[in-house]
$ cat entry34.cif   # mmCIF, N, CA and C atoms
data_start
#
loop_
_atom_site.label_atom_id
_atom_site.label_comp_id
_atom_site.auth_asym_id
_atom_site.auth_seq_id
_atom_site.Cartn_x
_atom_site.Cartn_y
_atom_site.Cartn_z
N LYS A 1 58.84 78.17 -210.04
CA LYS A 1 59.49 77.58 -208.87
C LYS A 1 59.13 76.10 -208.75
N ALA A 2 57.84 75.78 -208.95
CA ALA A 2 57.40 74.38 -208.82
C ALA A 2 58.05 73.52 -209.90
N ARG A 3 58.14 74.07 -211.12
CA ARG A 3 58.77 73.32 -212.21
C ARG A 3 60.24 73.05 -211.90
N GLN A 4 60.90 74.07 -211.37
CA GLN A 4 62.31 73.91 -211.01
C GLN A 4 62.46 72.86 -209.91
N GLU A 5 61.57 72.87 -208.93
CA GLU A 5 61.64 71.89 -207.84
C GLU A 5 61.46 70.47 -208.37
N ARG A 6 60.54 70.29 -209.31
CA ARG A 6 60.35 68.96 -209.93
C ARG A 6 61.61 68.53 -210.67
N ARG A 7 62.20 69.47 -211.41
CA ARG A 7 63.41 69.15 -212.18
C ARG A 7 64.55 68.73 -211.26
N LEU A 8 64.73 69.44 -210.16
CA LEU A 8 65.79 69.09 -209.21
C LEU A 8 65.47 67.77 -208.51
N ALA A 9 64.19 67.53 -208.22
CA ALA A 9 63.79 66.29 -207.57
C ALA A 9 64.06 65.08 -208.47
N GLU A 10 64.03 65.28 -209.78
CA GLU A 10 64.32 64.18 -210.71
C GLU A 10 65.80 63.82 -210.70
N ILE A 11 66.65 64.75 -210.31
CA ILE A 11 68.10 64.50 -210.29
C ILE A 11 68.52 63.74 -209.03
N ASN A 12 67.86 64.02 -207.91
CA ASN A 12 68.25 63.41 -206.64
C ASN A 12 68.32 61.89 -206.65
N PRO A 13 67.36 61.16 -207.27
CA PRO A 13 67.46 59.69 -207.27
C PRO A 13 68.75 59.16 -207.89
N ALA A 14 69.31 59.89 -208.84
CA ALA A 14 70.58 59.46 -209.45
C ALA A 14 71.69 59.42 -208.39
N PHE A 15 71.66 60.36 -207.45
CA PHE A 15 72.67 60.37 -206.39
C PHE A 15 72.38 59.26 -205.37
N LEU A 16 71.09 58.98 -205.13
CA LEU A 16 70.73 57.92 -204.19
C LEU A 16 71.19 56.55 -204.70
N CYS A 17 71.17 56.36 -206.02
CA CYS A 17 71.56 55.08 -206.62
C CYS A 17 73.06 54.98 -206.88
N ASP A 18 73.77 56.10 -206.81
CA ASP A 18 75.19 56.11 -207.14
C ASP A 18 76.00 55.39 -206.06
N GLN A 19 76.79 54.40 -206.48
CA GLN A 19 77.62 53.62 -205.54
C GLN A 19 78.64 54.49 -204.80
N LYS A 20 79.07 55.55 -205.47
CA LYS A 20 80.08 56.44 -204.89
C LYS A 20 79.59 57.06 -203.57
N TYR A 21 78.27 57.25 -203.46
CA TYR A 21 77.72 57.91 -202.28
C TYR A 21 76.94 56.94 -201.38
N SER A 22 77.09 55.63 -201.61
CA SER A 22 76.31 54.64 -200.87
C SER A 22 76.64 54.65 -199.38
N ASP A 23 77.86 55.05 -199.01
CA ASP A 23 78.23 55.06 -197.59
C ASP A 23 77.93 56.40 -196.90
N GLU A 24 77.35 57.32 -197.63
CA GLU A 24 77.02 58.66 -197.10
C GLU A 24 75.84 58.54 -196.12
N GLU A 25 76.02 59.07 -194.91
CA GLU A 25 74.95 59.01 -193.92
C GLU A 25 73.86 60.03 -194.25
N ASN A 26 72.61 59.65 -193.98
CA ASN A 26 71.44 60.55 -194.15
C ASN A 26 71.39 61.18 -195.54
N LEU A 27 71.71 60.42 -196.57
CA LEU A 27 71.77 60.98 -197.92
C LEU A 27 70.44 61.61 -198.36
N PRO A 28 69.29 60.95 -198.17
CA PRO A 28 68.03 61.60 -198.60
C PRO A 28 67.79 62.95 -197.93
N GLU A 29 68.10 63.05 -196.63
CA GLU A 29 67.92 64.32 -195.92
C GLU A 29 68.89 65.38 -196.44
N LYS A 30 70.12 64.96 -196.69
CA LYS A 30 71.12 65.90 -197.21
C LYS A 30 70.70 66.42 -198.57
N LEU A 31 70.24 65.51 -199.44
CA LEU A 31 69.82 65.93 -200.78
C LEU A 31 68.66 66.91 -200.71
N ALA A 32 67.72 66.65 -199.81
CA ALA A 32 66.58 67.57 -199.65
C ALA A 32 67.07 68.95 -199.20
N ALA A 33 68.02 68.97 -198.27
CA ALA A 33 68.57 70.24 -197.79
C ALA A 33 69.34 70.95 -198.91
N PHE A 34 70.10 70.19 -199.69
CA PHE A 34 70.86 70.78 -200.80
C PHE A 34 69.91 71.39 -201.82
N LYS A 35 68.80 70.69 -202.08
CA LYS A 35 67.83 71.18 -203.06
C LYS A 35 67.24 72.51 -202.60
N GLU A 36 66.87 72.58 -201.31
CA GLU A 36 66.32 73.83 -200.77
C GLU A 36 67.33 74.96 -200.89
N LYS A 37 68.58 74.68 -200.51
CA LYS A 37 69.62 75.70 -200.55
C LYS A 37 69.88 76.15 -201.99
N TYR A 38 69.93 75.20 -202.90
CA TYR A 38 70.18 75.51 -204.30
C TYR A 38 69.07 76.40 -204.85
N MET A 39 67.82 76.03 -204.55
CA MET A 39 66.68 76.83 -205.05
C MET A 39 66.70 78.24 -204.46
N GLU A 40 67.16 78.35 -203.23
CA GLU A 40 67.22 79.66 -202.58
C GLU A 40 68.18 80.58 -203.32
N PHE A 41 69.28 80.01 -203.85
CA PHE A 41 70.29 80.84 -204.48
C PHE A 41 70.20 80.89 -206.00
N ASP A 42 69.33 80.07 -206.59
CA ASP A 42 69.10 80.15 -208.03
C ASP A 42 68.03 81.22 -208.24
N LEU A 43 68.47 82.46 -208.29
CA LEU A 43 67.55 83.60 -208.25
C LEU A 43 66.68 83.72 -209.50
N ASN A 44 67.20 83.31 -210.66
CA ASN A 44 66.41 83.46 -211.88
C ASN A 44 65.64 82.19 -212.24
N ASN A 45 65.66 81.19 -211.36
CA ASN A 45 64.94 79.92 -211.55
C ASN A 45 65.27 79.24 -212.87
N GLU A 46 66.49 79.42 -213.35
CA GLU A 46 66.92 78.81 -214.61
C GLU A 46 67.49 77.41 -214.39
N GLY A 47 67.70 77.03 -213.14
CA GLY A 47 68.30 75.74 -212.86
C GLY A 47 69.81 75.80 -212.77
N GLU A 48 70.36 77.02 -212.76
CA GLU A 48 71.81 77.20 -212.65
C GLU A 48 72.10 78.43 -211.81
N ILE A 49 73.19 78.37 -211.05
CA ILE A 49 73.62 79.53 -210.26
C ILE A 49 74.68 80.26 -211.07
N ASP A 50 74.36 81.48 -211.48
CA ASP A 50 75.30 82.25 -212.28
C ASP A 50 76.11 83.18 -211.36
N LEU A 51 76.95 83.99 -211.97
CA LEU A 51 77.86 84.85 -211.21
C LEU A 51 77.10 85.82 -210.30
N MET A 52 76.02 86.42 -210.81
CA MET A 52 75.27 87.39 -210.01
C MET A 52 74.56 86.71 -208.84
N SER A 53 74.02 85.51 -209.09
CA SER A 53 73.36 84.77 -208.01
C SER A 53 74.38 84.41 -206.93
N LEU A 54 75.57 84.00 -207.36
CA LEU A 54 76.63 83.65 -206.42
C LEU A 54 77.05 84.89 -205.63
N LYS A 55 77.13 86.03 -206.31
CA LYS A 55 77.50 87.28 -205.64
C LYS A 55 76.49 87.62 -204.55
N ARG A 56 75.20 87.54 -204.89
CA ARG A 56 74.16 87.84 -203.89
C ARG A 56 74.20 86.84 -202.73
N MET A 57 74.45 85.57 -203.07
CA MET A 57 74.52 84.54 -202.05
C MET A 57 75.66 84.84 -201.07
N MET A 58 76.84 85.17 -201.59
CA MET A 58 77.99 85.43 -200.74
C MET A 58 77.75 86.67 -199.86
N GLU A 59 77.11 87.68 -200.44
CA GLU A 59 76.80 88.88 -199.66
C GLU A 59 75.81 88.55 -198.55
N LYS A 60 74.82 87.71 -198.87
CA LYS A 60 73.82 87.32 -197.88
C LYS A 60 74.47 86.53 -196.74
N LEU A 61 75.48 85.73 -197.08
CA LEU A 61 76.18 84.94 -196.07
C LEU A 61 77.18 85.80 -195.28
N GLY A 62 77.34 87.05 -195.71
CA GLY A 62 78.25 87.95 -195.00
C GLY A 62 79.71 87.79 -195.39
N VAL A 63 79.96 87.19 -196.56
CA VAL A 63 81.35 87.03 -197.04
C VAL A 63 81.43 87.49 -198.49
N PRO A 64 81.27 88.80 -198.73
CA PRO A 64 81.33 89.28 -200.11
C PRO A 64 82.68 88.97 -200.74
N LYS A 65 82.65 88.61 -202.01
CA LYS A 65 83.86 88.24 -202.74
C LYS A 65 83.98 89.13 -203.97
N THR A 66 85.21 89.23 -204.48
CA THR A 66 85.43 89.99 -205.71
C THR A 66 84.96 89.15 -206.90
N HIS A 67 84.80 89.81 -208.02
CA HIS A 67 84.38 89.16 -209.26
C HIS A 67 85.32 88.00 -209.60
N LEU A 68 86.62 88.25 -209.46
CA LEU A 68 87.63 87.24 -209.79
C LEU A 68 87.56 86.05 -208.84
N GLU A 69 87.36 86.31 -207.56
CA GLU A 69 87.24 85.22 -206.58
C GLU A 69 86.03 84.34 -206.89
N MET A 70 84.93 84.98 -207.29
CA MET A 70 83.73 84.21 -207.59
C MET A 70 83.90 83.39 -208.87
N LYS A 71 84.56 83.96 -209.87
CA LYS A 71 84.85 83.20 -211.09
C LYS A 71 85.68 81.96 -210.75
N LYS A 72 86.65 82.15 -209.84
CA LYS A 72 87.50 81.04 -209.42
C LYS A 72 86.67 79.98 -208.68
N MET A 73 85.75 80.42 -207.84
CA MET A 73 84.90 79.49 -207.10
C MET A 73 84.05 78.66 -208.07
N ILE A 74 83.45 79.32 -209.05
CA ILE A 74 82.62 78.62 -210.03
C ILE A 74 83.48 77.63 -210.81
N SER A 75 84.65 78.07 -211.21
CA SER A 75 85.56 77.21 -211.96
C SER A 75 85.96 75.98 -211.13
N GLU A 76 86.19 76.20 -209.84
CA GLU A 76 86.57 75.11 -208.94
C GLU A 76 85.45 74.08 -208.82
N VAL A 77 84.21 74.55 -208.76
CA VAL A 77 83.06 73.65 -208.61
C VAL A 77 82.77 72.92 -209.91
N THR A 78 82.86 73.62 -211.03
CA THR A 78 82.48 73.02 -212.32
C THR A 78 83.64 72.36 -213.04
N GLY A 79 84.83 72.49 -212.50
CA GLY A 79 86.00 71.93 -213.17
C GLY A 79 86.44 72.78 -214.34
N GLY A 80 85.99 74.03 -214.37
CA GLY A 80 86.41 74.96 -215.42
C GLY A 80 85.67 74.82 -216.73
N VAL A 81 84.60 74.02 -216.76
CA VAL A 81 83.90 73.80 -218.03
C VAL A 81 82.66 74.68 -218.20
N SER A 82 82.28 75.44 -217.17
CA SER A 82 81.06 76.22 -217.26
C SER A 82 81.19 77.52 -216.47
N ASP A 83 80.35 78.51 -216.84
CA ASP A 83 80.31 79.77 -216.10
C ASP A 83 79.19 79.78 -215.07
N THR A 84 78.43 78.70 -215.01
CA THR A 84 77.34 78.59 -214.05
C THR A 84 77.45 77.27 -213.31
N ILE A 85 76.88 77.22 -212.11
CA ILE A 85 76.92 76.00 -211.29
C ILE A 85 75.59 75.28 -211.44
N SER A 86 75.62 74.09 -212.03
CA SER A 86 74.41 73.29 -212.16
C SER A 86 74.12 72.59 -210.84
N TYR A 87 72.91 72.06 -210.71
CA TYR A 87 72.55 71.36 -209.48
C TYR A 87 73.44 70.14 -209.27
N ARG A 88 73.73 69.41 -210.35
CA ARG A 88 74.62 68.24 -210.23
C ARG A 88 76.00 68.64 -209.70
N ASP A 89 76.55 69.73 -210.25
CA ASP A 89 77.84 70.23 -209.78
C ASP A 89 77.78 70.60 -208.30
N PHE A 90 76.67 71.25 -207.92
CA PHE A 90 76.47 71.70 -206.55
C PHE A 90 76.45 70.51 -205.60
N VAL A 91 75.66 69.47 -205.94
CA VAL A 91 75.56 68.29 -205.06
C VAL A 91 76.89 67.54 -205.02
N ASN A 92 77.54 67.40 -206.19
CA ASN A 92 78.86 66.75 -206.21
C ASN A 92 79.84 67.48 -205.29
N MET A 93 79.78 68.82 -205.32
CA MET A 93 80.67 69.60 -204.47
C MET A 93 80.35 69.36 -202.99
N MET A 94 79.07 69.40 -202.63
CA MET A 94 78.68 69.27 -201.23
C MET A 94 78.96 67.87 -200.69
N LEU A 95 78.84 66.85 -201.54
CA LEU A 95 79.08 65.47 -201.10
C LEU A 95 80.53 65.05 -201.30
N GLY A 96 81.25 65.79 -202.12
CA GLY A 96 82.61 65.41 -202.48
C GLY A 96 83.60 65.56 -201.34
N LYS A 97 84.74 64.93 -201.52
CA LYS A 97 85.78 64.97 -200.50
C LYS A 97 86.63 66.25 -200.59
N ARG A 98 86.70 66.84 -201.81
CA ARG A 98 87.47 68.07 -201.96
C ARG A 98 86.78 69.21 -201.24
N SER A 99 87.55 70.09 -200.65
CA SER A 99 86.93 71.19 -199.91
C SER A 99 86.95 72.45 -200.76
N ALA A 100 85.94 72.62 -201.57
CA ALA A 100 85.81 73.83 -202.38
C ALA A 100 85.49 74.99 -201.44
N VAL A 101 85.92 76.18 -201.81
CA VAL A 101 85.69 77.37 -200.99
C VAL A 101 84.19 77.54 -200.75
N LEU A 102 83.40 77.36 -201.80
CA LEU A 102 81.96 77.53 -201.69
C LEU A 102 81.37 76.55 -200.69
N LYS A 103 81.85 75.31 -200.72
CA LYS A 103 81.38 74.28 -199.78
C LYS A 103 81.68 74.72 -198.35
N LEU A 104 82.89 75.22 -198.13
CA LEU A 104 83.26 75.66 -196.78
C LEU A 104 82.35 76.79 -196.30
N VAL A 105 82.05 77.72 -197.19
CA VAL A 105 81.17 78.84 -196.83
C VAL A 105 79.78 78.33 -196.49
N MET A 106 79.26 77.39 -197.31
CA MET A 106 77.92 76.84 -197.08
C MET A 106 77.88 76.08 -195.74
N MET A 107 78.92 75.31 -195.47
CA MET A 107 78.97 74.57 -194.21
C MET A 107 79.08 75.52 -193.04
N PHE A 108 79.86 76.60 -193.21
CA PHE A 108 80.01 77.59 -192.15
C PHE A 108 78.66 78.23 -191.85
N GLU A 109 77.88 78.53 -192.90
CA GLU A 109 76.58 79.15 -192.69
C GLU A 109 75.69 78.22 -191.87
N GLY A 110 75.74 76.93 -192.18
CA GLY A 110 74.94 75.96 -191.43
C GLY A 110 75.36 75.92 -189.97
N LYS A 111 76.66 75.92 -189.72
CA LYS A 111 77.16 75.90 -188.34
C LYS A 111 76.79 77.19 -187.61
N ALA A 112 76.88 78.30 -188.32
CA ALA A 112 76.59 79.60 -187.69
C ALA A 112 75.12 79.66 -187.27
N ASN A 113 74.24 79.07 -188.08
CA ASN A 113 72.81 79.10 -187.76
C ASN A 113 72.48 78.20 -186.57
N GLU A 114 73.32 77.19 -186.31
CA GLU A 114 73.06 76.26 -185.22
C GLU A 114 73.48 76.82 -183.87
N ASN A 115 74.40 77.78 -183.87
CA ASN A 115 74.93 78.30 -182.61
C ASN A 115 73.82 78.90 -181.76
N SER A 116 74.04 78.85 -180.45
CA SER A 116 73.06 79.42 -179.54
C SER A 116 73.06 80.95 -179.69
N PRO A 117 71.98 81.59 -179.29
CA PRO A 117 71.94 83.05 -179.43
C PRO A 117 73.04 83.71 -178.60
N LYS A 118 73.51 84.84 -179.08
CA LYS A 118 74.58 85.53 -178.38
C LYS A 118 74.05 86.09 -177.06
N PRO A 119 74.87 86.08 -176.03
CA PRO A 119 74.42 86.62 -174.74
C PRO A 119 74.15 88.11 -174.86
N VAL A 120 73.16 88.54 -174.12
CA VAL A 120 72.82 89.97 -174.12
C VAL A 120 73.22 90.56 -172.78
N GLY A 121 73.40 91.85 -172.76
CA GLY A 121 73.76 92.52 -171.53
C GLY A 121 75.26 92.71 -171.44
N PRO A 122 75.68 93.28 -170.33
CA PRO A 122 77.13 93.54 -170.17
C PRO A 122 77.90 92.23 -169.99
N PRO A 123 79.16 92.22 -170.41
CA PRO A 123 79.96 91.01 -170.23
C PRO A 123 80.21 90.75 -168.75
N PRO A 124 80.45 89.50 -168.38
CA PRO A 124 80.70 89.21 -166.97
C PRO A 124 82.01 89.86 -166.52
N GLU A 125 82.04 90.21 -165.24
CA GLU A 125 83.25 90.86 -164.71
C GLU A 125 84.37 89.84 -164.60
N ARG A 126 85.59 90.28 -164.89
CA ARG A 126 86.75 89.40 -164.80
C ARG A 126 87.83 90.12 -164.02
N ASP A 127 88.62 89.34 -163.33
CA ASP A 127 89.73 89.96 -162.59
C ASP A 127 91.01 89.79 -163.41
N ILE A 128 92.04 90.48 -163.03
CA ILE A 128 93.30 90.47 -163.76
C ILE A 128 93.87 89.07 -163.91
N ALA A 129 93.72 88.23 -162.91
CA ALA A 129 94.31 86.90 -162.93
C ALA A 129 93.68 86.01 -164.01
N SER A 130 92.44 86.29 -164.38
CA SER A 130 91.77 85.43 -165.37
C SER A 130 92.08 85.82 -166.82
N LEU A 131 92.75 86.94 -167.01
CA LEU A 131 93.08 87.38 -168.37
C LEU A 131 94.22 86.52 -168.93
N PRO A 132 94.25 86.33 -170.25
CA PRO A 132 95.31 85.49 -170.83
C PRO A 132 96.67 86.15 -170.77
#
$ encode --input "entry34.cif" --output "structure tokens"
Amino acid sequence: KARQERRLAEINPAFLCDQKYSDEENLPEKLAAFKEKYMEFDLNNEGEIDLMSLKRMMEKLGVPKTHLEMKKMISEVTGGVSDTISYRDFVNMMLGKRSAVLKLVMMFEGKANENSPKPVGPPPERDIASLP
């Protein structure tokens, strides 16, 4: 795990120096968050997210996908050149302007975690006039 973290940390400066991302707000913080998320889903610590890791990730996020859908997601992120998602591909996807399905799911997970806790107890009483 430590070796993988060092390897990913060596890639982040390339994004910090890249002119394409110079206008990105909070880039160092975003890269740190991306690295944590990537390591969480790289289950075999190989430095790449393969089909099974992606499957477990999607199930954990509560959006299980079919084998074909996941192959399509990987292809969309990698441009069809690989069967696994490298860290560079992952960061490019998260910072990129294109809205990959995987990016949307990851962003949704972040938003879902920020929401306030759900109210407990019975729902408030409503009268007929307040119904849509």
$ atom_distance --input "entry34.cif" --atom1 "atom C of A:Glu76" --atom2 "atom CA of A:Met52"
16.8 Å
$ residues_around --input "entry34.cif" --residues "stretch 9-25 of chain A" --least-positions-apart "4" --cutoff "9 Å" --atoms "only C-alpha atoms" --output "PyMOL selection string"
chain A and resi 4-5+30-32+35+87-88+91-92+95-96
$ write_last_selection --input "entry34.cif" --atoms "N, CA and C atoms" --output "CSV table (one decimal), in the frame of the given file"
chain,number,residue,atom,x,y,z
A,4,GLN,N,60.9,74.1,-211.4
A,4,GLN,CA,62.3,73.9,-211.0
A,4,GLN,C,62.5,72.9,-209.9
A,5,GLU,N,61.6,72.9,-208.9
A,5,GLU,CA,61.6,71.9,-207.8
A,5,GLU,C,61.5,70.5,-208.4
A,30,LYS,N,70.1,65.0,-196.7
A,30,LYS,CA,71.1,65.9,-197.2
A,30,LYS,C,70.7,66.4,-198.6
A,31,LEU,N,70.2,65.5,-199.4
A,31,LEU,CA,69.8,65.9,-200.8
A,31,LEU,C,68.7,66.9,-200.7
A,32,ALA,N,67.7,66.6,-199.8
A,32,ALA,CA,66.6,67.6,-199.6
A,32,ALA,C,67.1,69.0,-199.2
A,35,LYS,N,68.8,70.7,-202.1
A,35,LYS,CA,67.8,71.2,-203.1
A,35,LYS,C,67.2,72.5,-202.6
A,87,TYR,N,72.9,72.1,-210.7
A,87,TYR,CA,72.6,71.4,-209.5
A,87,TYR,C,73.4,70.1,-209.3
A,88,ARG,N,73.7,69.4,-210.4
A,88,ARG,CA,74.6,68.2,-210.2
A,88,ARG,C,76.0,68.6,-209.7
A,91,VAL,N,75.7,69.5,-205.9
A,91,VAL,CA,75.6,68.3,-205.1
A,91,VAL,C,76.9,67.5,-205.0
A,92,ASN,N,77.5,67.4,-206.2
A,92,ASN,CA,78.9,66.8,-206.2
A,92,ASN,C,79.8,67.5,-205.3
A,95,LEU,N,78.8,66.8,-201.5
A,95,LEU,CA,79.1,65.5,-201.1
A,95,LEU,C,80.5,65.0,-201.3
A,96,GLY,N,81.2,65.8,-202.1
A,96,GLY,CA,82.6,65.4,-202.5
A,96,GLY,C,83.6,65.6,-201.3
$ atom_distance --input "entry34.cif" --atom1 "atom CA of A:Met93" --atom2 "atom CA of A:Val77"
6.3 Å
$ residues_around --input "entry34.cif" --residues "stretch 70-75 of chain A" --least-positions-apart "2" --cutoff "8 Å" --atoms "only C-alpha atoms" --output "PyMOL selection string"
chain A and resi 51+54-55+65-68+77-85+100-102
$ write_last_selection --input "entry34.cif" --atoms "N, CA and C atoms" --output "mmCIF file, keeping the file's coordinate frame"
data_model
loop_
_atom_site.group_PDB
_atom_site.id
_atom_site.type_symbol
_atom_site.label_atom_id
_atom_site.label_comp_id
_atom_site.auth_asym_id
_atom_site.auth_seq_id
_atom_site.Cartn_x
_atom_site.Cartn_y
_atom_site.Cartn_z
ATOM 1 N N LEU A 51 76.950 83.990 -211.970
ATOM 2 C CA LEU A 51 77.860 84.850 -211.210
ATOM 3 C C LEU A 51 77.100 85.820 -210.300
ATOM 4 N N LEU A 54 75.570 84.000 -207.360
ATOM 5 C CA LEU A 54 76.630 83.650 -206.420
ATOM 6 C C LEU A 54 77.050 84.890 -205.630
ATOM 7 N N LYS A 55 77.130 86.030 -206.310
ATOM 8 C CA LYS A 55 77.500 87.280 -205.640
ATOM 9 C C LYS A 55 76.490 87.620 -204.550
ATOM 10 N N LYS A 65 82.650 88.610 -202.010
ATOM 11 C CA LYS A 65 83.860 88.240 -202.740
ATOM 12 C C LYS A 65 83.980 89.130 -203.970
ATOM 13 N N THR A 66 85.210 89.230 -204.480
ATOM 14 C CA THR A 66 85.430 89.990 -205.710
ATOM 15 C C THR A 66 84.960 89.150 -206.900
ATOM 16 N N HIS A 67 84.800 89.810 -208.020
ATOM 17 C CA HIS A 67 84.380 89.160 -209.260
ATOM 18 C C HIS A 67 85.320 88.000 -209.600
ATOM 19 N N LEU A 68 86.620 88.250 -209.460
ATOM 20 C CA LEU A 68 87.630 87.240 -209.790
ATOM 21 C C LEU A 68 87.560 86.050 -208.840
ATOM 22 N N VAL A 77 84.210 74.550 -208.760
ATOM 23 C CA VAL A 77 83.060 73.650 -208.610
ATOM 24 C C VAL A 77 82.770 72.920 -209.910
ATOM 25 N N THR A 78 82.860 73.620 -211.030
ATOM 26 C CA THR A 78 82.480 73.020 -212.320
ATOM 27 C C THR A 78 83.640 72.360 -213.040
ATOM 28 N N GLY A 79 84.830 72.490 -212.500
ATOM 29 C CA GLY A 79 86.000 71.930 -213.170
ATOM 30 C C GLY A 79 86.440 72.780 -214.340
ATOM 31 N N GLY A 80 85.990 74.030 -214.370
ATOM 32 C CA GLY A 80 86.410 74.960 -215.420
ATOM 33 C C GLY A 80 85.670 74.820 -216.730
ATOM 34 N N VAL A 81 84.600 74.020 -216.760
ATOM 35 C CA VAL A 81 83.900 73.800 -218.030
ATOM 36 C C VAL A 81 82.660 74.680 -218.200
ATOM 37 N N SER A 82 82.280 75.440 -217.170
ATOM 38 C CA SER A 82 81.060 76.220 -217.260
ATOM 39 C C SER A 82 81.190 77.520 -216.470
ATOM 40 N N ASP A 83 80.350 78.510 -216.840
ATOM 41 C CA ASP A 83 80.310 79.770 -216.100
ATOM 42 C C ASP A 83 79.190 79.780 -215.070
ATOM 43 N N THR A 84 78.430 78.700 -215.010
ATOM 44 C CA THR A 84 77.340 78.590 -214.050
ATOM 45 C C THR A 84 77.450 77.270 -213.310
ATOM 46 N N ILE A 85 76.880 77.220 -212.110
ATOM 47 C CA ILE A 85 76.920 76.000 -211.290
ATOM 48 C C ILE A 85 75.590 75.280 -211.440
ATOM 49 N N ALA A 100 85.940 72.620 -201.570
ATOM 50 C CA ALA A 100 85.810 73.830 -202.380
ATOM 51 C C ALA A 100 85.490 74.990 -201.440
ATOM 52 N N VAL A 101 85.920 76.180 -201.810
ATOM 53 C CA VAL A 101 85.690 77.370 -200.990
ATOM 54 C C VAL A 101 84.190 77.540 -200.750
ATOM 55 N N LEU A 102 83.400 77.360 -201.800
ATOM 56 C CA LEU A 102 81.960 77.530 -201.690
ATOM 57 C C LEU A 102 81.370 76.550 -200.690
#
$ atom_distance --input "entry34.cif" --atom1 "atom CA of A:Leu27" --atom2 "atom CA of A:Met57"
24.1 Å
$ decode --input "entry34.cif" --residues "stretch 2-17 of chain A" --atoms "N, CA and C atoms" --output "mmCIF file, in the first residue's frame"
data_model
loop_
_atom_site.group_PDB
_atom_site.id
_atom_site.type_symbol
_atom_site.label_atom_id
_atom_site.label_comp_id
_atom_site.auth_asym_id
_atom_site.auth_seq_id
_atom_site.Cartn_x
_atom_site.Cartn_y
_atom_site.Cartn_z
ATOM 1 N N ALA A 2 1.922 1.251 0.828
ATOM 2 C CA ALA A 2 2.797 2.427 0.911
ATOM 3 C C ALA A 2 3.516 2.653 -0.412
ATOM 4 N N ARG A 3 3.957 1.558 -1.040
ATOM 5 C CA ARG A 3 4.644 1.682 -2.328
ATOM 6 C C ARG A 3 3.701 2.262 -3.379
ATOM 7 N N GLN A 4 2.467 1.781 -3.364
ATOM 8 C CA GLN A 4 1.480 2.277 -4.316
ATOM 9 C C GLN A 4 1.216 3.763 -4.071
ATOM 10 N N GLU A 5 1.126 4.164 -2.808
ATOM 11 C CA GLU A 5 0.872 5.571 -2.483
ATOM 12 C C GLU A 5 2.017 6.454 -2.979
ATOM 13 N N ARG A 6 3.251 5.986 -2.827
ATOM 14 C CA ARG A 6 4.409 6.747 -3.337
ATOM 15 C C ARG A 6 4.345 6.867 -4.853
ATOM 16 N N ARG A 7 3.990 5.766 -5.513
ATOM 17 C CA ARG A 7 3.914 5.770 -6.976
ATOM 18 C C ARG A 7 2.857 6.767 -7.467
ATOM 19 N N LEU A 8 1.703 6.783 -6.819
ATOM 20 C CA LEU A 8 0.647 7.714 -7.208
ATOM 21 C C LEU A 8 1.050 9.150 -6.879
ATOM 22 N N ALA A 9 1.745 9.338 -5.757
ATOM 23 C CA ALA A 9 2.186 10.680 -5.368
ATOM 24 C C ALA A 9 3.191 11.241 -6.376
ATOM 25 N N GLU A 10 3.937 10.374 -7.042
ATOM 26 C CA GLU A 10 4.896 10.827 -8.054
ATOM 27 C C GLU A 10 4.180 11.330 -9.313
ATOM 28 N N ILE A 11 2.968 10.868 -9.546
ATOM 29 C CA ILE A 11 2.216 11.267 -10.741
ATOM 30 C C ILE A 11 1.546 12.624 -10.543
ATOM 31 N N ASN A 12 1.094 12.911 -9.323
ATOM 32 C CA ASN A 12 0.352 14.145 -9.065
ATOM 33 C C ASN A 12 1.077 15.419 -9.488
ATOM 34 N N PRO A 13 2.399 15.572 -9.256
ATOM 35 C CA PRO A 13 3.071 16.816 -9.681
ATOM 36 C C PRO A 13 2.946 17.092 -11.181
ATOM 37 N N ALA A 14 2.852 16.047 -11.987
ATOM 38 C CA ALA A 14 2.695 16.242 -13.435
ATOM 39 C C ALA A 14 1.385 16.985 -13.724
ATOM 40 N N PHE A 15 0.341 16.693 -12.950
ATOM 41 C CA PHE A 15 -0.935 17.382 -13.147
ATOM 42 C C PHE A 15 -0.860 18.814 -12.611
ATOM 43 N N LEU A 16 -0.104 19.010 -11.524
ATOM 44 C CA LEU A 16 0.037 20.360 -10.961
ATOM 45 C C LEU A 16 0.767 21.286 -11.937
ATOM 46 N N CYS A 17 1.700 20.738 -12.714
ATOM 47 C CA CYS A 17 2.485 21.538 -13.662
ATOM 48 C C CYS A 17 1.805 21.670 -15.019
#
